[in-house]
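Chemist: Pasting a structure here, questions to come.
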Amino acid sequence: MSLRVYDLAHSRTGDKGNTSNISVICYREEDWEFLQRELTPERVMEAFRHIARGPVRRYELRNLKAFNFVIENALGGGVTVSLAQDIHGKSLCSVMLGIELPDRGRTAAQKSKKTK
Amino acid sequence: MENEASNMDGRTVRIGSGAGTSDDRMTPALELAERGEIDYLVFECLAERTVARENLARSRDPGKGYSPSLHERMRMMLPVCIEKRIRIVSNMGAANPIGGARAARREARELGLGDIPVAVVLGDDVSALVRSRPELTLLENGEPLESLLPRLVSANAYLGADVICEALATGAPIVLTGRVADPSLFLAPMMHEFGWSYDDLPKIAQGTAAGHLLECTASVSGGCFGWPGKKDVPDMARLGYPFADVRSDGSISIGKTPDSGGRVDVMTCTEQQIYEIHDPTNYITPDCVLDITRIRFTQEAQDRVRVEGAMARPRTDMYKVTVGYTDGYIGEGEVSYGGIDAVARAKWAADIVKERLRLRGFTYEDFRVDLIGISSLHGDTGDRPEPYEVRLRMAGRTPDRRAAHALGFEVRAMHLNGPGGAGGACEPRIRDVLAVKSLLLPRELVKPQVVVEGSL
């Protein structure tokens with residue numbers, strides 16, 4: 001199993017008009033820099049390509065060991081006119097959590113332990 | 001002099017959160033009032049388009065237009081709130097705060113609680129004002145308001161804590177507003193109790209951050225949070241609603257109803273603090289421009305989190321206004337397929353419905369086909385495994401009511417006129433679209449005011 005955002009962080013989605021904001025909050029302080037490097041706005045846009053037109057902006061909240069991703073044109077025109085079932089896009093945090101990340105040394109070591 | 005005195009006092013004021021939407025659960029609010037030893041109970045009941053919807057209700061019946069949930073909430077909460085002297089602050093006034101106040105007073109009388117005065121906040125309705133200014137620019141698309149005017153239903157400014165504070169100063173046990181910013185409902189009791197002014201920026205920041213944490217009730221105490229095996233929430237069925245303990249120096253601590261389910265910790269607070277915020281250094285409310293990047297949460301005890309470090313810049317000289325307008329209809333239909341070739345049959349049905357709508361001459365501004373079980377929530381990536389069963393959902397937006405109805409009609413007709421084994425179609429669904437857009441109005445044009453229904 002590869003490393004996913006889900007393994008390192010938790011997340012919640014909010015909406016304003018046609019814009020979705022999705023927090024990514026590290027369980028552990030020491031994972032923040034790894035996510036800062038790997039969970040780029042480009043990688044997030046790629047994961048949301050079939051849902052949102054973008055652009056994606058990323059804000060850093062170092063104090064809260066968190067990021068806030070703001071995804072434009074993500075909600076079918078906004079909650080009042082959207083044809084979607086999930087008009088608020090509340091379920092979109094699951095897409096964020098499912099994003100796969102490049103493996104790290106630590107997790108590679110854990111994996112090889114398991115196979116032994 | 002009085003302000004100086006109150007700034008030095010060591011009192012703690014406890015502000016409870018009793019609703020985060022008009023459809024929110026009511027029992028946890030009652031439990032918070034009964035067992036939470038709160039001083040204030042805030043009910044936040046207005047979503048983006050609610051005021052527009054309630055304006056339509058008021059245009060059909062001038063006595064209506066406040067939140068329909070007001071009656072049940074007041075019946076349930078008033079006895080304990082009056083007995084324990086818990087003051088109620090709520091935006092359930094929606095598009096008719098005076099009508100809401102009268103309804104609340106009727107409920108109080110019928111409950112045998114006597115003549116309860118209600119302080120009412122007015123002035124958020126700026127529809128007459130914006131009608132005379134068609135040149136105002138819509139924030140979403142940069143177009144002039146003029147394009148929407150013929151279909152305009154409502155225009156409401158997000159008022160701030162200052163006018164709610166004024167309403168609290170009347171001493172009325174209940175304060176009802178129309179559109180105000182959600183955190184302002186919580187900040188106002190703090191400003192009222194401790195005499196904070198808009199110049200006390202660190203305190204205004206703390207109060208606004210706390211308001212943001214509380215405005216969605218259970219979302220800071222384990223709701224919208226639990227995840228099996230990963231983020232467990234104890235006794236979720238009995239989720240308790242939160243409160244903030246506030247002191248005159250702006251120190252804040254978040255807790256929840258004693259002996260209730262849920263959890264209040266650094267994780268739940270962090271999720272809720274970032275919720276619906278864009279630039280975390282620049283969250284604009286009518287009371288301040290909040291910066292949450294230096295906030296620290298500390299677990300003080302079980303289900304107790306201290307909040308520190310909120311920062312703010314002074315409020316802007318503009319009010320944000322939401323304009324509501326009618327925008328046609330959404331038609332919708334659903335039908336299910338299961339077992340062998342379920343997905344292939346659902347896709348075939350979708351093509352047939354589209355073709356029949358085209359042959360009947362109907363067109364749609366926006367059209368959508370969902371395969372529930374594959375692509376209805378997160379779009380179609382094209383590589384998801386096929387489920388055993390799938391529900392076809394089709395939806396379209398159109399100015400033509402007949403076209404909206406035809407959509408659900410043709411989906412339902414898949415029972416007899418489509419691929420084999422179609423089951424469980426729903427009745428054709430149609431809803432009026434009330435869309436919203438935003439604009440900014442200079443502060444001096446808006447005239448918030450307070451009136452009291454009943455005698456103090």
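Chains: A, B, ... in order of the structure tokens. Residues: from 1 per chain. Ligands: from 1, in order shown.
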Which residues are near range 118-131 of chain B? Cut-off 9 Å, only C-alpha atoms, ignore same chain within fewer than 6 positions. Put them as a PyMOL selection string.

Modeler: chain B and resi 93+95+97-98+100-102+104-105+145-146+149+152-159+163-164+166-168+170-180+321+323+441+445-456

Chemist: Tell me, counting only C-alpha atoms, for each residue of chain B within 9 Å of chain A, which pair of atoms is nearest and how far apart they are in Å to one decimal, in rows ordered by chain and increasing number, as a tab-separated table.

Modeler:
```
residue	atom	partner	partner_atom	distance
B:Glu48	CA	A:Thr80	CA	8.4
B:Arg49	CA	A:Thr80	CA	7.0
B:Glu140	CA	A:Gly17	CA	8.4
B:Cys224	CA	A:Arg12	CA	7.9
B:Phe225	CA	A:Arg12	CA	7.7
B:Lys231	CA	A:His10	CA	8.6
B:Met267	CA	A:Ile25	CA	8.2
B:Thr270	CA	A:Leu64	CA	6.8
B:Glu271	CA	A:Arg12	CA	6.1
B:Gln272	CA	A:Arg12	CA	8.0
B:Ile274	CA	A:Ser23	CA	6.5
B:Tyr275	CA	A:Gly14	CA	5.3
B:Glu276	CA	A:Gly14	CA	4.4
B:Ile277	CA	A:Asn21	CA	7.0
B:His278	CA	A:Val70	CA	6.2
B:Asp279	CA	A:Tyr59	CA	6.7
B:Pro280	CA	A:Tyr59	CA	7.2
B:Ile292	CA	A:Leu61	CA	8.2
B:Thr293	CA	A:Leu61	CA	5.4
B:Arg294	CA	A:Asn63	CA	6.0
B:Ile295	CA	A:Asn63	CA	6.8
B:Arg296	CA	A:Asn63	CA	6.8
B:Phe297	CA	A:Leu64	CA	8.1
B:Asp327	CA	A:Val81	CA	8.0
B:Ile330	CA	A:Leu83	CA	7.4
B:Glu332	CA	A:Leu83	CA	8.7
B:Asp366	CA	A:Leu83	CA	7.8
B:Phe367	CA	A:Leu83	CA	7.4
B:Arg368	CA	A:Leu83	CA	6.6
B:Asp370	CA	A:Ala84	CA	8.4
B:Ser376	CA	A:Gln85	CA	6.9
B:Leu377	CA	A:Asp86	CA	6.4
B:His378	CA	A:Ile51	CA	6.3
B:Gly379	CA	A:Ile51	CA	5.5
B:Asp380	CA	A:His50	CA	6.5
B:Thr381	CA	A:His50	CA	6.5
B:Met394	CA	A:Leu83	CA	8.8
B:Ala395	CA	A:Leu83	CA	6.0
B:Gly396	CA	A:Leu83	CA	6.7
B:Arg397	CA	A:Leu83	CA	7.4
B:Val433	CA	A:Val81	CA	6.4
B:Leu434	CA	A:Thr80	CA	6.2
B:Ala435	CA	A:Thr80	CA	5.0
B:Val436	CA	A:Thr80	CA	6.8
B:Lys437	CA	A:Gly17	CA	8.0
```

Chemist: Quick one: DSSP helix (DSSP H, G or I) residues in range 20-67 of chain A, as a ChimeraX atom specification?

Modeler: /A:29-38,41-47,62-64

Chemist: To one decimal place, how far is CA of Leu371 in chain B from CA of Ile352 in chain B in Å?

Modeler: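 Distance reported for this atom pair: 15.0 Å.
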
Chemist: With only C-alpha atoms as the atoms that count, which of B:Ser132, B:Thr268, B:Ser375, B:Thr217 lies nearest to Thr298 in chain B?

Modeler: B:Thr268

Chemist: Let me make sure I understand: among A:Ala74, A:Val56, A:Glu100, A:Val5, which one has the smallest atom-to-atom distance to Leu35 in chain A if we use only C-alpha atoms?

Modeler: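 Going through A:Ala74, A:Val56, A:Glu100, A:Val5 one by one, the smallest distance to Leu35 in chain A is for A:Val5.
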
Chemist: To one decimal place, how far is CA of Leu416 in chain B from CA of Pro399 in chain B in Å?

Modeler: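 CA of Pro399 in chain B lies 28.6 Å from CA of Leu416 in chain B.
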
Chemist: Write down as a PyMOL selection string the residues of range 149-247 of chain B whose backbone DSSP state falls under strand (DSSP E).

Modeler: chain B and resi 152-157+174-176+242-247

Chemist: Excluding same-chain residues fewer than 3 positions from Met26 in chain B, what lies within 9 Å of it counting only C-alpha atoms, as a list in words?

Modeler: Gly18, Ala19, Asp23, Ala29, Leu30, Glu31, Glu72, Arg73, Met76 and Met77 of chain B

Chemist: Kindly export the residues of the current selection with N, CA and C atoms, as a tab-separated table (two decimals), in the first residue's frame.

Modeler:
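Wrote it out as again-v4.tsv, contents follow:
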```
chain	number	residue	atom	x	y	z
B	18	GLY	N	-26.40	26.66	20.18
B	18	GLY	CA	-27.58	25.81	20.18
B	18	GLY	C	-28.11	25.41	18.82
B	19	ALA	N	-27.56	26.02	17.74
B	19	ALA	CA	-27.95	25.61	16.39
B	19	ALA	C	-26.92	26.13	15.40
B	23	ASP	N	-32.00	23.42	10.43
B	23	ASP	CA	-32.39	22.01	10.55
B	23	ASP	C	-31.57	21.28	11.60
B	29	ALA	N	-29.23	21.08	22.28
B	29	ALA	CA	-29.32	22.48	22.71
B	29	ALA	C	-30.05	22.57	24.05
B	30	LEU	N	-31.11	21.77	24.16
B	30	LEU	CA	-31.85	21.74	25.42
B	30	LEU	C	-30.96	21.23	26.55
B	31	GLU	N	-30.20	20.17	26.27
B	31	GLU	CA	-29.31	19.61	27.29
B	31	GLU	C	-28.25	20.63	27.72
B	72	GLU	N	-40.85	25.62	16.99
B	72	GLU	CA	-40.48	24.43	17.74
B	72	GLU	C	-39.32	24.72	18.69
B	73	ARG	N	-38.32	25.49	18.19
B	73	ARG	CA	-37.16	25.82	19.04
B	73	ARG	C	-37.59	26.59	20.27
B	76	MET	N	-39.43	24.53	22.83
B	76	MET	CA	-38.56	23.61	23.54
B	76	MET	C	-37.62	24.34	24.51
B	77	MET	N	-37.10	25.49	24.10
B	77	MET	CA	-36.01	26.13	24.86
B	77	MET	C	-36.48	27.18	25.86
```

Chemist: To one decimal place, how far is CA of Tyr66 in chain B from CA of Gly328 in chain B in Å?

Modeler: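 Separation between CA of Tyr66 in chain B and CA of Gly328 in chain B: 23.9 Å.
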
Chemist: Counting only C-alpha atoms, which residue out of B:Gly226, B:Asp24, B:Tyr319, B:Thr137 sits closest to Glu444 in chain B?

Modeler: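 Distance minimum relative to Glu444 in chain B lands on B:Tyr319.
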
Chemist: Go through A:Met96, A:Ala9, A:Leu39, A:Met45 and flag the residue nearest Glu72 in chain A, using only C-alpha atoms for the distances.

Modeler: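 Checking each candidate against Glu72 in chain A, we get A:Met45 as the closest.
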
Chemist: Identify, on the basis of only C-alpha atoms, every residue whose closest approach to Met74 in chain B does not exceed 9 Å; exclude the query and any residue fewer than 5 positions from it along the same chain; express the result as a list in words.

Modeler: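 Here the answer would be Ser69, Pro79, Ala104, Glu107 and Ala108 of chain B.
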
Chemist: With N, CA, C and O atoms retained, export the selected residues as a PDB file, in the first residue's frame.

Modeler:
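Result went into selection-v7.pdb, see below:
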```
ATOM      1  N   SER B  69     -38.371  27.121  11.794  1.00  0.00           N
ATOM      2  CA  SER B  69     -37.979  26.313  12.957  1.00  0.00           C
ATOM      3  C   SER B  69     -38.142  27.083  14.264  1.00  0.00           C
ATOM      4  O   SER B  69     -37.965  26.512  15.343  1.00  0.00           O
ATOM      5  N   PRO B  79     -38.849  27.604  28.218  1.00  0.00           N
ATOM      6  CA  PRO B  79     -39.068  27.397  29.658  1.00  0.00           C
ATOM      7  C   PRO B  79     -37.754  27.363  30.442  1.00  0.00           C
ATOM      8  O   PRO B  79     -37.615  28.068  31.440  1.00  0.00           O
ATOM      9  N   ALA B 104     -42.352  34.511  18.662  1.00  0.00           N
ATOM     10  CA  ALA B 104     -41.673  34.054  19.884  1.00  0.00           C
ATOM     11  C   ALA B 104     -42.464  34.480  21.120  1.00  0.00           C
ATOM     12  O   ALA B 104     -42.615  33.717  22.080  1.00  0.00           O
ATOM     13  N   GLU B 107     -45.442  32.253  21.552  1.00  0.00           N
ATOM     14  CA  GLU B 107     -45.047  30.958  22.133  1.00  0.00           C
ATOM     15  C   GLU B 107     -44.855  31.095  23.637  1.00  0.00           C
ATOM     16  O   GLU B 107     -45.270  30.238  24.410  1.00  0.00           O
ATOM     17  N   ALA B 108     -44.205  32.194  24.053  1.00  0.00           N
ATOM     18  CA  ALA B 108     -43.935  32.397  25.488  1.00  0.00           C
ATOM     19  C   ALA B 108     -45.245  32.499  26.269  1.00  0.00           C
ATOM     20  O   ALA B 108     -45.397  31.905  27.337  1.00  0.00           O
TER      21      ALA B 108
END
```

Chemist: Fewer than 4 positions away in the same chain doesn't count, so skip those; otherwise give me all residues within 8 Å of range 202-208 of chain B, counting only C-alpha atoms, as a count of residues only.

Modeler: 23

Chemist: Considering only C-alpha atoms, return as a PyMOL selection string whatever protein or nucleic-acid residues lie within 12 Å of Leu407 in chain B, sequence-local ones (same chain, fewer than 6 positions apart) excluded.

Modeler: chain B and resi 329-334+350+352-358+360-364+367-369+393-398+400-401+413-414+426-430

Chemist: For the selection just defined, write its residues with N, CA, C and O atoms to a file, as a short mmCIF file (atom, residue, chain, number, x, y, z; two decimals), in the first residue's frame.

Modeler:
```cif
data_model
loop_
_atom_site.label_atom_id
_atom_site.label_comp_id
_atom_site.auth_asym_id
_atom_site.auth_seq_id
_atom_site.Cartn_x
_atom_site.Cartn_y
_atom_site.Cartn_z
N TYR B 329 -35.48 26.67 -12.88
CA TYR B 329 -35.88 25.46 -12.18
C TYR B 329 -34.83 24.38 -12.35
O TYR B 329 -34.12 24.34 -13.36
N ILE B 330 -34.76 23.50 -11.35
CA ILE B 330 -33.96 22.29 -11.50
C ILE B 330 -34.92 21.10 -11.49
O ILE B 330 -35.74 20.95 -10.58
N GLY B 331 -34.84 20.28 -12.56
CA GLY B 331 -35.61 19.04 -12.64
C GLY B 331 -34.68 17.87 -12.41
O GLY B 331 -33.50 17.93 -12.75
N GLU B 332 -35.24 16.79 -11.84
CA GLU B 332 -34.38 15.71 -11.39
C GLU B 332 -35.13 14.40 -11.42
O GLU B 332 -36.33 14.36 -11.10
N GLY B 333 -34.45 13.32 -11.82
CA GLY B 333 -35.06 11.99 -11.77
C GLY B 333 -34.03 10.94 -11.43
O GLY B 333 -32.84 11.13 -11.67
N GLU B 334 -34.50 9.82 -10.88
CA GLU B 334 -33.59 8.73 -10.49
C GLU B 334 -34.24 7.38 -10.76
O GLU B 334 -35.44 7.22 -10.57
N ALA B 350 -29.67 6.53 -19.75
CA ALA B 350 -29.34 7.96 -19.77
C ALA B 350 -29.36 8.50 -21.20
O ALA B 350 -29.89 9.59 -21.46
N ILE B 352 -31.05 7.31 -23.71
CA ILE B 352 -32.44 7.33 -24.22
C ILE B 352 -33.18 8.57 -23.68
O ILE B 352 -33.86 9.26 -24.43
N VAL B 353 -33.01 8.84 -22.39
CA VAL B 353 -33.69 10.00 -21.79
C VAL B 353 -33.23 11.29 -22.49
O VAL B 353 -34.05 12.14 -22.86
N LYS B 354 -31.94 11.41 -22.68
CA LYS B 354 -31.42 12.62 -23.35
C LYS B 354 -32.02 12.80 -24.74
O LYS B 354 -32.43 13.89 -25.12
N GLU B 355 -32.08 11.69 -25.48
CA GLU B 355 -32.62 11.74 -26.84
C GLU B 355 -34.11 12.11 -26.83
O GLU B 355 -34.57 12.93 -27.64
N ARG B 356 -34.86 11.56 -25.89
CA ARG B 356 -36.29 11.88 -25.82
C ARG B 356 -36.52 13.35 -25.47
O ARG B 356 -37.41 13.99 -26.01
N LEU B 357 -35.68 13.88 -24.56
CA LEU B 357 -35.82 15.29 -24.21
C LEU B 357 -35.49 16.17 -25.40
O LEU B 357 -36.14 17.19 -25.65
N ARG B 358 -34.48 15.74 -26.19
CA ARG B 358 -34.11 16.50 -27.39
C ARG B 358 -35.25 16.47 -28.41
O ARG B 358 -35.64 17.48 -28.98
N ARG B 360 -38.33 16.13 -27.87
CA ARG B 360 -39.46 16.94 -27.39
C ARG B 360 -39.15 18.43 -27.42
O ARG B 360 -40.00 19.26 -27.08
N GLY B 361 -37.93 18.78 -27.79
CA GLY B 361 -37.57 20.18 -27.99
C GLY B 361 -37.13 20.91 -26.74
O GLY B 361 -37.07 22.14 -26.72
N PHE B 362 -36.81 20.16 -25.68
CA PHE B 362 -36.39 20.82 -24.43
C PHE B 362 -34.88 21.03 -24.41
O PHE B 362 -34.11 20.18 -24.85
N THR B 363 -34.48 22.18 -23.87
CA THR B 363 -33.05 22.45 -23.72
C THR B 363 -32.77 22.87 -22.28
O THR B 363 -33.67 23.30 -21.56
N TYR B 364 -31.52 22.76 -21.90
CA TYR B 364 -31.13 23.01 -20.50
C TYR B 364 -29.85 23.83 -20.46
O TYR B 364 -28.94 23.63 -21.28
N PHE B 367 -26.69 20.48 -17.46
CA PHE B 367 -27.28 19.14 -17.46
C PHE B 367 -26.26 18.19 -16.84
O PHE B 367 -25.06 18.36 -17.03
N ARG B 368 -26.75 17.19 -16.12
CA ARG B 368 -25.81 16.34 -15.41
C ARG B 368 -26.34 14.91 -15.33
O ARG B 368 -27.51 14.69 -15.04
N VAL B 369 -25.46 13.95 -15.58
CA VAL B 369 -25.79 12.54 -15.43
C VAL B 369 -24.88 11.95 -14.37
O VAL B 369 -23.65 12.04 -14.49
N ARG B 393 -28.98 8.97 -11.89
CA ARG B 393 -29.60 10.23 -11.51
C ARG B 393 -29.34 11.24 -12.61
O ARG B 393 -28.20 11.37 -13.09
N MET B 394 -30.38 11.91 -13.08
CA MET B 394 -30.22 12.93 -14.11
C MET B 394 -30.83 14.23 -13.59
O MET B 394 -31.88 14.21 -12.95
N ALA B 395 -30.14 15.33 -13.85
CA ALA B 395 -30.62 16.63 -13.36
C ALA B 395 -30.31 17.69 -14.41
O ALA B 395 -29.31 17.61 -15.12
N GLY B 396 -31.21 18.68 -14.52
CA GLY B 396 -30.98 19.77 -15.47
C GLY B 396 -31.57 21.06 -14.95
O GLY B 396 -32.57 21.05 -14.22
N ARG B 397 -30.94 22.18 -15.30
CA ARG B 397 -31.45 23.50 -14.91
C ARG B 397 -31.95 24.22 -16.15
O ARG B 397 -31.29 24.20 -17.20
N THR B 398 -33.12 24.85 -16.03
CA THR B 398 -33.75 25.46 -17.19
C THR B 398 -34.73 26.54 -16.74
O THR B 398 -35.33 26.42 -15.68
N ASP B 400 -37.48 26.92 -18.18
CA ASP B 400 -38.78 26.39 -18.60
C ASP B 400 -39.24 25.31 -17.62
O ASP B 400 -38.64 24.23 -17.54
N ARG B 401 -40.30 25.60 -16.89
CA ARG B 401 -40.76 24.66 -15.87
C ARG B 401 -41.15 23.30 -16.48
O ARG B 401 -40.93 22.25 -15.89
N ALA B 413 -40.08 7.05 -16.73
CA ALA B 413 -40.63 6.23 -17.82
C ALA B 413 -39.71 5.06 -18.19
O ALA B 413 -40.10 4.19 -18.96
N MET B 414 -38.49 5.04 -17.66
CA MET B 414 -37.60 3.91 -17.90
C MET B 414 -38.17 2.60 -17.36
O MET B 414 -37.79 1.52 -17.79
N CYS B 426 -37.88 7.43 -8.86
CA CYS B 426 -38.57 8.37 -7.97
C CYS B 426 -39.57 9.19 -8.78
O CYS B 426 -39.52 9.23 -10.01
N GLU B 427 -40.48 9.84 -8.08
CA GLU B 427 -41.39 10.79 -8.74
C GLU B 427 -40.55 11.92 -9.34
O GLU B 427 -39.50 12.26 -8.78
N PRO B 428 -40.98 12.50 -10.46
CA PRO B 428 -40.23 13.63 -11.03
C PRO B 428 -40.12 14.73 -9.99
O PRO B 428 -41.10 15.07 -9.33
N ARG B 429 -38.91 15.26 -9.83
CA ARG B 429 -38.69 16.31 -8.82
C ARG B 429 -38.39 17.63 -9.51
O ARG B 429 -37.63 17.69 -10.47
N ILE B 430 -39.01 18.70 -9.02
CA ILE B 430 -38.73 20.04 -9.55
C ILE B 430 -38.51 20.96 -8.37
O ILE B 430 -39.24 20.90 -7.38
#
```
